[in-house]
>>> print(open('entry12.tsv').read())   # TSV, C-alpha atoms
chain	number	residue	atom	x	y	z
A	1	MET	CA	-2.32	33.87	19.30
A	2	THR	CA	-1.77	31.86	16.11
A	3	LEU	CA	-3.11	28.65	14.65
A	4	GLN	CA	0.36	27.18	14.97
A	5	GLN	CA	0.37	27.84	18.72
A	6	LEU	CA	-3.01	26.14	18.95
A	7	ARG	CA	-1.63	23.13	17.08
A	8	TYR	CA	1.23	22.98	19.58
A	9	ILE	CA	-1.02	22.80	22.64
A	10	VAL	CA	-3.22	20.18	20.95
A	11	ALA	CA	-0.10	18.09	20.27
A	12	ILE	CA	1.11	18.46	23.86
A	13	ASP	CA	-2.29	17.31	25.10
A	14	ARG	CA	-2.34	14.35	22.72
A	15	TYR	CA	1.14	13.06	23.56
A	16	ARG	CA	1.39	14.33	27.17
A	17	SER	CA	5.10	14.72	26.48
A	18	PHE	CA	7.02	17.77	25.28
A	19	ALA	CA	9.59	15.59	23.52
A	20	LYS	CA	7.00	13.55	21.58
A	21	ALA	CA	4.86	16.61	20.80
A	22	ALA	CA	7.89	18.51	19.52
A	23	GLU	CA	8.85	15.57	17.31
A	24	ALA	CA	5.29	15.36	15.92
A	25	CYS	CA	5.31	19.12	15.20
A	26	ALA	CA	8.79	18.94	13.63
A	27	ILE	CA	10.29	21.57	15.97
A	28	SER	CA	12.77	21.48	18.85
A	29	GLN	CA	11.59	20.90	22.39
A	30	PRO	CA	12.89	24.30	23.63
A	31	THR	CA	10.99	26.05	20.84
A	32	LEU	CA	7.78	24.19	21.75
A	33	SER	CA	8.18	25.10	25.43
A	34	ALA	CA	8.85	28.74	24.58
A	35	MET	CA	5.76	28.95	22.34
A	36	LEU	CA	3.60	27.46	25.10
A	37	VAL	CA	4.93	29.93	27.67
A	38	LYS	CA	4.28	32.80	25.25
A	39	LEU	CA	0.68	31.71	24.74
A	40	GLU	CA	0.10	31.26	28.47
A	41	GLU	CA	1.49	34.74	29.10
A	42	GLU	CA	-0.73	36.21	26.39
A	43	LEU	CA	-3.84	34.55	27.82
A	44	ASP	CA	-2.71	35.05	31.43
A	45	VAL	CA	-3.58	31.44	32.34
A	46	ARG	CA	-1.68	28.22	32.90
A	47	ILE	CA	-2.72	25.69	30.23
A	48	PHE	CA	-0.67	22.74	31.51
A	49	ASP	CA	0.60	21.62	34.88
A	50	ARG	CA	3.99	20.10	34.15
A	51	SER	CA	6.51	18.21	36.20
A	52	ASN	CA	9.41	15.90	35.46
A	53	LYS	CA	7.00	12.97	35.27
A	54	SER	CA	3.84	14.31	33.67
A	55	VAL	CA	2.17	17.00	31.57
A	56	VAL	CA	-1.51	17.44	32.43
A	57	PRO	CA	-3.96	20.15	31.30
A	58	THR	CA	-5.40	22.43	33.94
A	59	ILE	CA	-9.17	22.76	34.21
A	60	VAL	CA	-9.19	25.92	32.09
A	61	GLY	CA	-6.51	24.35	29.89
A	62	GLU	CA	-8.89	21.51	28.99
A	63	LYS	CA	-11.44	24.06	27.76
A	64	ILE	CA	-8.81	25.97	25.78
A	65	ILE	CA	-7.54	22.78	24.14
A	66	ARG	CA	-11.06	21.72	23.09
A	67	GLN	CA	-11.67	25.16	21.60
A	68	ALA	CA	-8.28	25.01	19.87
A	69	GLU	CA	-9.26	21.71	18.24
A	70	ARG	CA	-12.45	23.26	16.92
A	71	ALA	CA	-10.59	26.34	15.64
A	72	ILE	CA	-8.01	24.20	13.83
A	73	ALA	CA	-10.73	22.05	12.28
A	74	GLU	CA	-12.62	25.11	11.04
A	75	ALA	CA	-9.46	26.63	9.55
A	76	GLU	CA	-8.65	23.40	7.75
A	77	ARG	CA	-12.13	23.34	6.26
A	78	VAL	CA	-11.33	26.52	4.32
A	79	SER	CA	-8.60	24.68	2.39
A	80	GLU	CA	-10.85	21.65	2.05
A	81	LEU	CA	-13.62	23.76	0.51
A	82	VAL	CA	-11.18	25.09	-2.09
A	83	GLU	CA	-9.92	21.59	-2.89
A	84	GLU	CA	-13.46	20.24	-3.15
A	85	ASP	CA	-14.40	23.07	-5.51
A	86	LYS	CA	-11.42	22.22	-7.72
A	87	GLY	CA	-12.43	18.57	-7.75
A	88	ALA	CA	-9.12	17.52	-6.23
A	89	ILE	CA	-8.92	14.52	-3.91
A	90	ALA	CA	-5.87	14.90	-1.72
A	91	GLY	CA	-4.80	15.46	1.86
A	92	SER	CA	-5.35	13.02	4.70
A	93	LEU	CA	-8.13	10.60	5.63
A	94	ASN	CA	-8.28	9.41	9.24
A	95	LEU	CA	-10.63	6.45	9.33
A	96	SER	CA	-11.68	4.06	12.09
A	97	VAL	CA	-13.23	0.59	11.66
A	98	GLY	CA	-14.93	-1.57	14.29
A	99	PRO	CA	-13.06	-4.74	15.37
A	100	THR	CA	-15.84	-7.11	14.26
A	101	ILE	CA	-15.87	-5.53	10.78
A	102	ALA	CA	-12.16	-4.92	10.18
A	103	PRO	CA	-11.09	-8.53	9.36
A	104	TYR	CA	-13.54	-8.71	6.46
A	105	VAL	CA	-13.14	-5.21	5.04
A	106	LEU	CA	-9.68	-3.80	5.70
A	107	PRO	CA	-7.34	-6.16	3.77
A	108	GLN	CA	-8.98	-5.48	0.40
A	109	PHE	CA	-9.97	-1.91	1.30
A	110	ILE	CA	-6.38	-0.86	1.95
A	111	ARG	CA	-5.11	-2.44	-1.28
A	112	HIS	CA	-7.77	-0.88	-3.51
A	113	TYR	CA	-7.67	2.49	-1.77
A	114	MET	CA	-3.91	2.85	-2.14
A	115	GLU	CA	-4.18	1.90	-5.82
A	116	ASP	CA	-6.98	4.36	-6.59
A	117	TYR	CA	-6.04	7.30	-4.34
A	118	PRO	CA	-2.24	7.34	-3.96
A	119	GLN	CA	-2.31	11.11	-3.29
A	120	VAL	CA	-4.36	10.64	-0.08
A	121	LYS	CA	-2.53	9.96	3.17
A	122	LEU	CA	-4.63	7.13	4.63
A	123	SER	CA	-4.58	6.37	8.36
A	124	ILE	CA	-6.80	3.63	9.85
A	125	LYS	CA	-7.46	2.76	13.49
A	126	GLU	CA	-9.39	-0.25	14.75
A	127	MET	CA	-11.73	1.00	17.49
A	128	LYS	CA	-14.93	0.01	19.26
A	129	ALA	CA	-17.98	2.21	18.79
A	130	GLU	CA	-17.84	4.30	21.98
A	131	PRO	CA	-14.26	5.57	21.62
A	132	MET	CA	-14.81	5.92	17.88
A	133	MET	CA	-17.72	8.33	18.40
A	134	ALA	CA	-15.71	10.29	20.97
A	135	GLU	CA	-12.77	10.65	18.56
A	136	LEU	CA	-15.14	11.76	15.80
A	137	MET	CA	-16.61	14.47	18.01
A	138	LEU	CA	-13.12	15.73	18.89
A	139	GLY	CA	-12.22	15.91	15.21
A	140	HIS	CA	-9.44	13.31	15.53
A	141	LEU	CA	-11.19	11.12	12.95
A	142	ASP	CA	-12.77	11.99	9.61
A	143	ALA	CA	-15.07	8.97	9.54
A	144	GLY	CA	-15.80	5.68	11.25
A	145	ILE	CA	-17.32	2.38	10.10
A	146	ALA	CA	-19.31	0.52	12.78
A	147	ILE	CA	-22.51	-1.42	13.44
A	148	CYS	CA	-25.67	0.67	12.96
A	149	GLY	CA	-27.43	2.38	15.84
A	150	ASN	CA	-24.49	4.33	17.27
A	151	ALA	CA	-25.51	7.80	16.09
A	152	ARG	CA	-25.83	10.54	18.71
A	153	ALA	CA	-26.06	14.32	18.90
A	154	GLY	CA	-23.52	15.82	16.53
A	155	ILE	CA	-22.87	12.54	14.67
A	156	LEU	CA	-24.44	11.63	11.32
A	157	GLU	CA	-25.02	7.98	10.38
A	158	VAL	CA	-24.97	6.85	6.74
A	159	PRO	CA	-26.02	3.18	6.18
A	160	LEU	CA	-23.43	1.36	4.05
A	161	TYR	CA	-24.38	-2.30	3.75
A	162	THR	CA	-26.43	-5.10	5.28
A	163	GLU	CA	-24.81	-8.45	5.99
A	164	ARG	CA	-26.67	-11.67	6.67
A	165	PHE	CA	-25.71	-14.09	9.41
A	166	MET	CA	-25.39	-17.81	8.80
A	167	VAL	CA	-25.43	-20.72	11.25
A	168	TYR	CA	-22.26	-22.77	11.65
A	169	LEU	CA	-22.96	-26.28	12.96
A	170	SER	CA	-20.69	-28.98	14.33
A	171	GLU	CA	-20.18	-32.15	12.28
A	172	ASN	CA	-22.72	-34.14	14.35
A	173	CYS	CA	-25.27	-31.36	14.83
A	174	TRP	CA	-28.34	-31.79	12.60
A	175	ARG	CA	-26.17	-31.90	9.48
A	176	LYS	CA	-28.94	-33.40	7.36
A	177	LEU	CA	-31.18	-30.35	7.71
A	178	PRO	CA	-30.90	-28.13	4.59
A	179	VAL	CA	-31.78	-24.89	6.41
A	180	PHE	CA	-31.66	-23.60	9.95
A	181	LYS	CA	-34.66	-23.08	12.20
A	182	PRO	CA	-33.96	-22.16	15.82
A	183	GLU	CA	-36.47	-24.63	17.26
A	184	ASN	CA	-34.44	-27.50	15.77
A	185	LEU	CA	-31.46	-26.71	17.97
A	186	GLU	CA	-32.91	-25.55	21.29
A	187	HIS	CA	-31.22	-28.42	23.11
A	188	GLU	CA	-27.82	-27.86	21.50
A	189	LYS	CA	-24.86	-25.91	22.88
A	190	MET	CA	-24.88	-22.33	21.69
A	191	TRP	CA	-21.64	-20.34	21.48
A	192	ILE	CA	-21.69	-16.57	21.02
A	193	MET	CA	-19.47	-13.54	20.81
A	194	LYS	CA	-21.31	-10.65	22.42
A	195	GLU	CA	-19.67	-7.83	20.46
A	196	ALA	CA	-20.51	-9.29	17.05
A	197	GLN	CA	-23.68	-11.27	17.60
A	198	CYS	CA	-25.90	-9.37	20.03
A	199	LEU	CA	-27.95	-7.65	17.36
A	200	ARG	CA	-30.60	-5.20	18.46
A	201	ASP	CA	-32.45	-5.17	15.14
A	202	SER	CA	-32.49	-8.90	14.42
A	203	ALA	CA	-35.78	-10.77	14.31
A	204	PHE	CA	-34.07	-13.73	15.95
A	205	SER	CA	-31.69	-12.56	18.66
A	206	PHE	CA	-29.14	-15.01	19.95
A	207	CYS	CA	-28.82	-12.81	23.02
A	208	LYS	CA	-32.49	-13.28	23.88
A	209	ALA	CA	-32.09	-17.04	23.39
A	210	ARG	CA	-29.43	-17.44	26.10
A	211	THR	CA	-31.72	-19.60	28.22
A	212	LYS	CA	-32.40	-22.09	25.43
A	213	GLY	CA	-28.95	-23.63	25.15
A	214	ASN	CA	-27.32	-25.91	27.70
A	215	ARG	CA	-24.19	-23.77	27.76
A	216	ILE	CA	-23.22	-20.41	26.33
A	217	TYR	CA	-19.65	-19.16	26.08
A	218	GLU	CA	-18.43	-15.75	24.99
A	219	ALA	CA	-15.32	-15.87	22.82
A	220	GLY	CA	-13.04	-13.16	21.48
A	221	SER	CA	-13.35	-13.86	17.75
A	222	ILE	CA	-15.46	-15.65	15.17
A	223	GLU	CA	-12.48	-17.86	14.33
A	224	THR	CA	-12.28	-18.99	17.98
A	225	LEU	CA	-15.99	-19.78	18.03
A	226	ILE	CA	-15.68	-21.93	14.93
A	227	ARG	CA	-12.83	-23.92	16.47
A	228	ILE	CA	-14.84	-24.35	19.68
A	229	VAL	CA	-17.81	-25.70	17.69
A	230	ASP	CA	-15.54	-28.06	15.72
A	231	GLU	CA	-14.10	-29.49	18.94
A	232	ASN	CA	-17.09	-29.41	21.28
A	233	GLY	CA	-20.21	-29.61	19.15
A	234	GLY	CA	-23.18	-27.26	19.09
A	235	PHE	CA	-23.52	-24.21	16.88
A	236	THR	CA	-22.80	-20.51	16.48
A	237	ILE	CA	-23.62	-17.78	13.98
A	238	ILE	CA	-21.10	-16.22	11.61
A	239	PRO	CA	-21.31	-13.16	9.33
A	240	GLU	CA	-21.73	-13.81	5.62
A	241	MET	CA	-18.34	-12.26	4.83
A	242	HIS	CA	-16.60	-14.88	6.98
A	243	LEU	CA	-17.47	-17.64	4.51
A	244	PRO	CA	-14.30	-17.18	2.39
A	245	PHE	CA	-12.24	-17.83	5.55
A	246	LEU	CA	-13.69	-21.34	5.95
A	247	THR	CA	-12.21	-24.53	4.54
A	248	GLU	CA	-14.21	-26.47	1.98
A	249	ARG	CA	-15.15	-29.03	4.63
A	250	GLN	CA	-16.21	-26.32	7.10
A	251	ARG	CA	-18.47	-24.73	4.50
A	252	GLU	CA	-20.50	-27.94	4.47
A	253	ASN	CA	-21.48	-27.11	8.06
A	254	VAL	CA	-22.99	-23.71	7.18
A	255	ARG	CA	-26.77	-23.27	7.01
A	256	ARG	CA	-28.99	-20.37	6.03
A	257	ILE	CA	-31.44	-18.84	8.50
A	258	GLU	CA	-34.90	-18.84	6.99
A	259	GLY	CA	-38.38	-17.53	7.70
A	260	ASP	CA	-39.16	-15.12	10.51
A	261	TYR	CA	-35.79	-15.87	12.12
A	262	LEU	CA	-33.75	-14.03	9.51
A	263	SER	CA	-30.77	-12.43	11.22
A	264	GLN	CA	-28.52	-9.70	9.86
A	265	ARG	CA	-26.41	-6.74	10.83
A	266	ARG	CA	-26.33	-3.30	9.26
A	267	VAL	CA	-23.04	-1.46	8.97
A	268	SER	CA	-22.88	2.32	8.75
A	269	LEU	CA	-20.48	5.16	8.09
A	270	TYR	CA	-20.30	7.78	10.85
A	271	ILE	CA	-19.19	11.41	10.44
A	272	ARG	CA	-19.63	14.67	12.30
A	273	GLU	CA	-22.73	16.58	11.24
A	274	ASP	CA	-20.59	19.51	10.10
A	275	TYR	CA	-18.24	17.40	7.96
A	276	ILE	CA	-17.98	18.85	4.45
A	277	ARG	CA	-15.50	16.70	2.47
A	278	GLN	CA	-18.05	14.91	0.32
A	279	SER	CA	-15.52	13.78	-2.29
A	280	MET	CA	-13.31	12.26	0.40
A	281	LEU	CA	-16.24	10.29	1.85
A	282	ASN	CA	-17.01	8.94	-1.59
A	283	THR	CA	-13.47	7.58	-1.87
A	284	ILE	CA	-14.51	5.27	0.99
A	285	THR	CA	-17.74	4.09	-0.62
A	286	ASN	CA	-16.17	3.80	-4.09
A	287	THR	CA	-13.46	1.59	-2.63
A	288	LEU	CA	-15.95	-0.64	-0.82
A	289	LEU	CA	-17.89	-1.06	-4.07
A	290	ARG	CA	-14.74	-2.49	-5.65
A	291	PHE	CA	-14.90	-5.71	-3.63
A	292	MET	CA	-18.08	-6.01	-1.55
A	293	PRO	CA	-20.42	-8.90	-2.52
A	294	LYS	CA	-23.02	-7.89	-5.08
A	295	GLY	CA	-26.29	-6.70	-3.59
A	296	MET	CA	-24.87	-6.10	-0.11
A	297	MET	CA	-24.23	-2.35	-0.37
A	298	GLU	CA	-27.14	0.06	0.19
A	299	GLU	CA	-28.87	0.84	-3.12
A	300	HIS	CA	-28.65	4.63	-2.69
A	301	ILE	CA	-24.88	4.33	-2.14
A	302	VAL	CA	-24.50	2.28	-5.32
A	303	LYS	CA	-26.56	4.73	-7.39
A	304	TYR	CA	-25.70	8.11	-5.96
A	305	GLY	CA	-22.83	7.81	-3.50
A	306	ILE	CA	-22.86	10.11	-0.47
A	307	LYS	CA	-24.49	13.53	-0.79
A	308	LEU	CA	-23.90	16.05	2.00
>>> encode(input="entry12.tsv", output="structure tokens")
Amino acid sequence: MTLQQLRYIVAIDRYRSFAKAAEACAISQPTLSAMLVKLEEELDVRIFDRSNKSVVPTIVGEKIIRQAERAIAEAERVSELVEEDKGAIAGSLNLSVGPTIAPYVLPQFIRHYMEDYPQVKLSIKEMKAEPMMAELMLGHLDAGIAICGNARAGILEVPLYTERFMVYLSENCWRKLPVFKPENLEHEKMWIMKEAQCLRDSAFSFCKARTKGNRIYEAGSIETLIRIVDENGGFTIIPEMHLPFLTERQRENVRRIEGDYLSQRRVSLYIREDYIRQSMLNTITNTLLRFMPKGMMEEHIVKYGIKL
């Protein structure tokens, strides 16, 4: 049994196709099939059930594949330890970002990262928290950026930044008020996006206030909510980093949330507890520091970076 054979079965499992797995491994399909058969004969088990239409792991095959992923990850860490010791930043970085964070972070992040770390092969996937954590545990991702509170056994959470929420009002909705207080708008239409605005740690939760508004709609994006408010009246809340996306006229409809009703979301970096590439993680935080609004990033990140 070799590491290369283990990489082959992991690829077959990932693509569920001998042709695609062979292409990903840069070998011929007959060679891939022969290596699989050789490994199955050595272990005296069938790892995959295959037919003309599908390739599916057997029950014992699933266990072997998961162990193979762990073995490959551990082997790769040996090289990573050497590179870290030399102070080199190279290799690959597989990163995932939550869909309610990506529009505000990724455009500038990609540009600055590619400028500063051209020797790193950067791969980014937009994923919701649950599949992101699952991919981290399997070792398919190096790190993920998502809303705080998603840590679980085997996953380490590192707070990155805290972002305030603002209220976006329609043209005819209490425009003369300089600041926002929830009691002023209890009779107004409230429009929310569950994924972005149901905030467990907020002092004022729009989710808990569902019964206060006449109507509540759940939209797919902040941009959609803003257009709904512009056309139908009422109000919604938007993250601070959405402000640059507004027109000058729309910005006149934005109000701060003051007093005990302050609302915000915390965004964190997630890694496996056994992750060791400290320098690679700091390429992420260093890049964010290039463009994030002043005072938004966690103070310990600004001063010390990430220490594993």
>>> closest_residue(input="entry12.tsv", among="A:Val254, A:Met35, A:Leu288, A:Ile301", to="His112 (chain A)", atoms="all atoms listed in the file")
A:Leu288
>>> atom_distance(input="entry12.tsv", atom1="CA of Arg50 (chain A)", atom2="CA of Leu3 (chain A)")
22.4 Å
>>> residues_near_point(input="entry12.tsv", point="(-19.5, 1.3, 18.9)", cutoff="12 Å", atoms="all atoms listed in the file", output="CSV table (one decimal) with C-alpha atoms, in the frame of the given file")
chain,number,residue,atom,x,y,z
A,96,SER,CA,-11.7,4.1,12.1
A,97,VAL,CA,-13.2,0.6,11.7
A,98,GLY,CA,-14.9,-1.6,14.3
A,99,PRO,CA,-13.1,-4.7,15.4
A,100,THR,CA,-15.8,-7.1,14.3
A,101,ILE,CA,-15.9,-5.5,10.8
A,126,GLU,CA,-9.4,-0.2,14.8
A,127,MET,CA,-11.7,1.0,17.5
A,128,LYS,CA,-14.9,0.0,19.3
A,129,ALA,CA,-18.0,2.2,18.8
A,130,GLU,CA,-17.8,4.3,22.0
A,131,PRO,CA,-14.3,5.6,21.6
A,132,MET,CA,-14.8,5.9,17.9
A,133,MET,CA,-17.7,8.3,18.4
A,134,ALA,CA,-15.7,10.3,21.0
A,135,GLU,CA,-12.8,10.6,18.6
A,136,LEU,CA,-15.1,11.8,15.8
A,144,GLY,CA,-15.8,5.7,11.2
A,145,ILE,CA,-17.3,2.4,10.1
A,146,ALA,CA,-19.3,0.5,12.8
A,147,ILE,CA,-22.5,-1.4,13.4
A,148,CYS,CA,-25.7,0.7,13.0
A,149,GLY,CA,-27.4,2.4,15.8
A,150,ASN,CA,-24.5,4.3,17.3
A,151,ALA,CA,-25.5,7.8,16.1
A,152,ARG,CA,-25.8,10.5,18.7
A,195,GLU,CA,-19.7,-7.8,20.5
A,196,ALA,CA,-20.5,-9.3,17.0
A,267,VAL,CA,-23.0,-1.5,9.0
A,268,SER,CA,-22.9,2.3,8.8
A,269,LEU,CA,-20.5,5.2,8.1
A,270,TYR,CA,-20.3,7.8,10.8
>>> residues_around(input="entry12.tsv", residues="Leu156 (chain A)", least_positions_apart="3", cutoff="6 Å", atoms="all atoms listed in the file", output="PyMOL selection string")
chain A and resi 270-273
>>> atom_distance(input="entry12.tsv", atom1="CA of Arg256 (chain A)", atom2="CA of Asn172 (chain A)")
17.3 Å
>>> closest_residue(input="entry12.tsv", among="A:Glu171, A:Asp116, A:Glu40, A:Asp274", to="Ala90 (chain A)", atoms="all atoms listed in the file")
A:Asp116
>>> residues_around(input="entry12.tsv", residues="Phe18 (chain A)", least_positions_apart="6", cutoff="8 Å", atoms="all atoms listed in the file", output="list in words")
Ile12, Gln29, Leu32, Ser33 and Val55 of chain A
>>> write_last_selection(input="entry12.tsv", atoms="C-alpha atoms", output="mmCIF file, in the coordinates of the input")
data_model
loop_
_atom_site.group_PDB
_atom_site.id
_atom_site.type_symbol
_atom_site.label_atom_id
_atom_site.label_comp_id
_atom_site.auth_asym_id
_atom_site.auth_seq_id
_atom_site.Cartn_x
_atom_site.Cartn_y
_atom_site.Cartn_z
ATOM 1 C CA ILE A 12 1.110 18.460 23.860
ATOM 2 C CA GLN A 29 11.590 20.900 22.390
ATOM 3 C CA LEU A 32 7.780 24.190 21.750
ATOM 4 C CA SER A 33 8.180 25.100 25.430
ATOM 5 C CA VAL A 55 2.170 17.000 31.570
#
>>> axis_aligned_box(input="entry12.tsv", around="region 66-82 of chain A", padding_each_side="3 Å", output="JSON")
{"center_x": -10.8, "center_y": 24.1, "center_z": 10.5, "size_x": 11.6, "size_y": 11.0, "size_z": 31.2}
>>> residues_around(input="entry12.tsv", residues="Asp230 (chain A)", least_positions_apart="6", cutoff="10 Å", atoms="only C-alpha atoms", output="PDB file with C-alpha atoms, in the frame of the given file")
ATOM      1  CA  TYR A 168     -22.260 -22.770  11.650  1.00  0.00           C
ATOM      2  CA  LEU A 169     -22.960 -26.280  12.960  1.00  0.00           C
ATOM      3  CA  SER A 170     -20.690 -28.980  14.330  1.00  0.00           C
ATOM      4  CA  GLU A 171     -20.180 -32.150  12.280  1.00  0.00           C
ATOM      5  CA  ASN A 172     -22.720 -34.140  14.350  1.00  0.00           C
ATOM      6  CA  THR A 224     -12.280 -18.990  17.980  1.00  0.00           C
ATOM      7  CA  GLN A 250     -16.210 -26.320   7.100  1.00  0.00           C
ATOM      8  CA  ASN A 253     -21.480 -27.110   8.060  1.00  0.00           C
TER       9      ASN A 253
END
>>> residues_around(input="entry12.tsv", residues="Gln4 (chain A)", least_positions_apart="4", cutoff="10 Å", atoms="only C-alpha atoms", output="list in words")
Tyr8, Ile9, Val10, Cys25, Met35 and Ile72 of chain A
>>> atom_distance(input="entry12.tsv", atom1="CA of Met297 (chain A)", atom2="CA of Tyr161 (chain A)")
4.1 Å
>>> closest_atom_pairs(input="entry12.tsv", of="region 140-174 of chain A", to="region 73-82 of chain A", cutoff="12 Å", atoms="only C-alpha atoms", output="tab-separated table")
residue	atom	partner	partner_atom	distance
A:His140	CA	A:Ala73	CA	9.4
A:Leu141	CA	A:Ala73	CA	11.0
A:Asp142	CA	A:Ala73	CA	10.6
>>> residues_around(input="entry12.tsv", residues="Arg255 (chain A)", least_positions_apart="5", cutoff="7 Å", atoms="all atoms listed in the file", output="PyMOL selection string")
chain A and resi 166-168+178-180
>>> closest_residue(input="entry12.tsv", among="A:Arg7, A:Lys189, A:Lys303, A:Arg16", to="Ile65 (chain A)", atoms="only C-alpha atoms")
A:Arg7
>>> decode(input="entry12.tsv", residues="region 116-157 of chain A", atoms="C-alpha atoms", output="mmCIF file, in the first residue's frame")
data_model
loop_
_atom_site.group_PDB
_atom_site.id
_atom_site.type_symbol
_atom_site.label_atom_id
_atom_site.label_comp_id
_atom_site.auth_asym_id
_atom_site.auth_seq_id
_atom_site.Cartn_x
_atom_site.Cartn_y
_atom_site.Cartn_z
ATOM 1 C CA ASP A 116 1.152 39.459 -2.175
ATOM 2 C CA TYR A 117 1.368 35.654 -2.411
ATOM 3 C CA PRO A 118 1.749 34.707 -6.090
ATOM 4 C CA GLN A 119 3.523 31.462 -5.120
ATOM 5 C CA VAL A 120 0.416 30.140 -3.312
ATOM 6 C CA LYS A 121 -2.203 28.271 -5.314
ATOM 7 C CA LEU A 122 -5.421 29.840 -4.003
ATOM 8 C CA SER A 123 -8.760 28.031 -4.305
ATOM 9 C CA ILE A 124 -11.960 29.539 -2.856
ATOM 10 C CA LYS A 125 -15.418 28.006 -2.500
ATOM 11 C CA GLU A 126 -18.561 29.813 -1.388
ATOM 12 C CA MET A 127 -20.310 27.545 1.138
ATOM 13 C CA LYS A 128 -22.829 27.729 3.955
ATOM 14 C CA ALA A 129 -21.639 26.908 7.463
ATOM 15 C CA GLU A 130 -22.794 23.287 7.777
ATOM 16 C CA PRO A 131 -21.133 21.924 4.624
ATOM 17 C CA MET A 132 -18.122 24.134 5.318
ATOM 18 C CA MET A 133 -17.543 22.504 8.715
ATOM 19 C CA ALA A 134 -17.992 19.044 7.194
ATOM 20 C CA GLU A 135 -15.411 19.787 4.478
ATOM 21 C CA LEU A 136 -12.996 21.116 7.100
ATOM 22 C CA MET A 137 -13.303 17.933 9.139
ATOM 23 C CA LEU A 138 -12.616 15.816 6.052
ATOM 24 C CA GLY A 139 -9.509 17.860 5.295
ATOM 25 C CA HIS A 140 -10.875 19.117 1.956
ATOM 26 C CA LEU A 141 -10.522 22.716 3.171
ATOM 27 C CA ASP A 142 -7.680 24.459 4.984
ATOM 28 C CA ALA A 143 -9.860 27.175 6.482
ATOM 29 C CA GLY A 144 -13.315 28.699 6.344
ATOM 30 C CA ILE A 145 -14.712 32.177 7.037
ATOM 31 C CA ALA A 146 -18.250 32.228 8.461
ATOM 32 C CA ILE A 147 -20.490 33.834 11.082
ATOM 33 C CA CYS A 148 -19.382 33.124 14.663
ATOM 34 C CA GLY A 149 -20.859 30.321 16.724
ATOM 35 C CA ASN A 150 -20.277 27.426 14.325
ATOM 36 C CA ALA A 151 -17.410 25.741 16.180
ATOM 37 C CA ARG A 152 -17.813 22.079 17.110
ATOM 38 C CA ALA A 153 -15.680 19.151 18.248
ATOM 39 C CA GLY A 154 -12.506 19.076 16.200
ATOM 40 C CA ILE A 155 -12.964 22.613 14.804
ATOM 41 C CA LEU A 156 -11.199 25.702 16.176
ATOM 42 C CA GLU A 157 -12.810 29.148 15.864
#
